[in-house]
Amino acid sequence: MRVIAIATLKAFGEDAKHKDAEQPLRAWYDEATKAAWQQPADIKAHYRSASILKNRRVVFNIKGNDYRLVVAVSFKLQLIYVKFVGTHQAYDAIDAETVEMT
């Protein structure tokens, strides 16, 4: 899979307030770029705690569920679009099915 908008992941992980997310986000990125997911079940097989939503969205728990990562997945194109990364408090303030990067 190819991950689009990795700058969003880097910026979040390099922010001093969320420095503890940097390594877990890198690990997720490494795993995701090596994956060849063909359907949502493939994601669930590797990430049991991932939530599959409408609108091709998937929510991943990062760093033991301290952070949330929302992506849109195009299985056909083998692309992952980063839509949101943030704390649980920030996640609670968005609609994961419609959120777009700012």
# chains A, B, ... in the order shown; residues from 1 in each chain; ligands from 1
>>> residues_around(residues="segment 60-65 of chain A", least_positions_apart="4", cutoff="9 Å", atoms="only C-alpha atoms", output="ChimeraX atom specification")
/A:20-21,23-25,28,47,49-51,69-71,88
>>> residues_around(residues="Gln38 of chain A", least_positions_apart="4", cutoff="9 Å", atoms="only C-alpha atoms", output="PyMOL selection string")
chain A and resi 42-43+74-76+78
>>> write_last_selection(atoms="all heavy atoms", output="tab-separated table (two decimals), in the first residue's frame")
chain	number	residue	atom	x	y	z
A	42	ASP	N	-8.68	-8.04	5.68
A	42	ASP	CA	-7.22	-8.12	5.71
A	42	ASP	C	-6.64	-7.18	6.76
A	42	ASP	O	-5.67	-7.52	7.44
A	42	ASP	CB	-6.63	-7.79	4.33
A	42	ASP	CG	-7.03	-8.77	3.25
A	42	ASP	OD1	-7.42	-9.91	3.58
A	42	ASP	OD2	-6.96	-8.39	2.06
A	43	ILE	N	-7.24	-6.01	6.88
A	43	ILE	CA	-6.80	-5.06	7.90
A	43	ILE	C	-7.10	-5.61	9.29
A	43	ILE	O	-6.25	-5.60	10.18
A	43	ILE	CB	-7.47	-3.68	7.70
A	43	ILE	CG1	-7.06	-3.09	6.36
A	43	ILE	CG2	-7.13	-2.74	8.86
A	43	ILE	CD1	-7.82	-1.84	5.97
A	74	SER	N	-8.19	2.84	-0.36
A	74	SER	CA	-8.61	2.44	-1.69
A	74	SER	C	-7.92	1.11	-1.98
A	74	SER	O	-6.73	1.08	-2.30
A	74	SER	CB	-8.22	3.47	-2.75
A	74	SER	OG	-8.50	2.94	-4.04
A	75	PHE	N	-8.67	0.03	-1.81
A	75	PHE	CA	-8.09	-1.29	-2.02
A	75	PHE	C	-7.71	-1.49	-3.49
A	75	PHE	O	-6.66	-2.04	-3.80
A	75	PHE	CB	-9.07	-2.39	-1.58
A	75	PHE	CG	-9.36	-2.33	-0.11
A	75	PHE	CD1	-10.56	-1.82	0.35
A	75	PHE	CD2	-8.44	-2.78	0.82
A	75	PHE	CE1	-10.84	-1.76	1.72
A	75	PHE	CE2	-8.69	-2.73	2.18
A	75	PHE	CZ	-9.90	-2.21	2.63
A	76	LYS	N	-8.55	-1.00	-4.37
A	76	LYS	CA	-8.31	-1.16	-5.81
A	76	LYS	C	-7.01	-0.47	-6.24
A	76	LYS	O	-6.22	-1.03	-6.99
A	76	LYS	CB	-9.49	-0.58	-6.60
A	76	LYS	CG	-9.36	-0.75	-8.09
A	76	LYS	CD	-10.58	-0.20	-8.80
A	76	LYS	CE	-10.45	-0.33	-10.30
A	76	LYS	NZ	-11.63	0.19	-10.99
A	78	GLN	N	-4.66	0.50	-4.09
A	78	GLN	CA	-3.63	0.21	-3.08
A	78	GLN	C	-3.09	1.49	-2.46
A	78	GLN	O	-1.88	1.68	-2.31
A	78	GLN	CB	-2.50	-0.63	-3.68
A	78	GLN	CG	-2.88	-2.06	-4.00
A	78	GLN	CD	-3.08	-2.88	-2.74
A	78	GLN	OE1	-2.11	-3.27	-2.09
A	78	GLN	NE2	-4.33	-3.15	-2.37
>>> select_by_dssp(residues="segment 8-58 of chain A", states="strand (DSSP E)", output="ChimeraX atom specification")
/A:51-52,57-58
>>> closest_atom_pairs(of="segment 25-73 of chain A", to="segment 2-5 of chain A", cutoff="10 Å", atoms="only C-alpha atoms", output="JSON lines")
{"residue": "A:Tyr29", "atom": "CA", "partner": "A:Val3", "partner_atom": "CA", "distance": 7.6}
{"residue": "A:Asp30", "atom": "CA", "partner": "A:Val3", "partner_atom": "CA", "distance": 9.8}
{"residue": "A:Ala32", "atom": "CA", "partner": "A:Val3", "partner_atom": "CA", "distance": 7.6}
{"residue": "A:Thr33", "atom": "CA", "partner": "A:Arg2", "partner_atom": "CA", "distance": 5.6}
{"residue": "A:Lys34", "atom": "CA", "partner": "A:Arg2", "partner_atom": "CA", "distance": 8.6}
{"residue": "A:Ala35", "atom": "CA", "partner": "A:Arg2", "partner_atom": "CA", "distance": 9.0}
{"residue": "A:Ala36", "atom": "CA", "partner": "A:Arg2", "partner_atom": "CA", "distance": 9.4}
{"residue": "A:Val71", "atom": "CA", "partner": "A:Val3", "partner_atom": "CA", "distance": 9.3}
{"residue": "A:Ala72", "atom": "CA", "partner": "A:Ile4", "partner_atom": "CA", "distance": 9.8}
{"residue": "A:Val73", "atom": "CA", "partner": "A:Val3", "partner_atom": "CA", "distance": 9.3}
>>> closest_residue(among="A:Ala45, A:Ala11, A:Val85, A:Leu79", to="Glu100 of chain A", atoms="only C-alpha atoms")
A:Val85
>>> select_by_dssp(residues="chain A", states="helix (DSSP H, G or I)", output="PyMOL selection string")
chain A and resi 6-14+16-34+40-46+88-92
>>> residues_around(residues="Lys54 of chain A", least_positions_apart="3", cutoff="9 Å", atoms="only C-alpha atoms", output="JSON, numbers by chain")
{"A": [57, 58, 97]}
>>> closest_residue(among="A:Leu53, A:Ala41, A:Ala27, A:Val59", to="Lys83 of chain A", atoms="only C-alpha atoms")
A:Val59
>>> closest_residue(among="A:Phe84, A:Trp37, A:Phe12, A:Tyr67", to="Ala96 of chain A", atoms="only C-alpha atoms")
A:Phe84
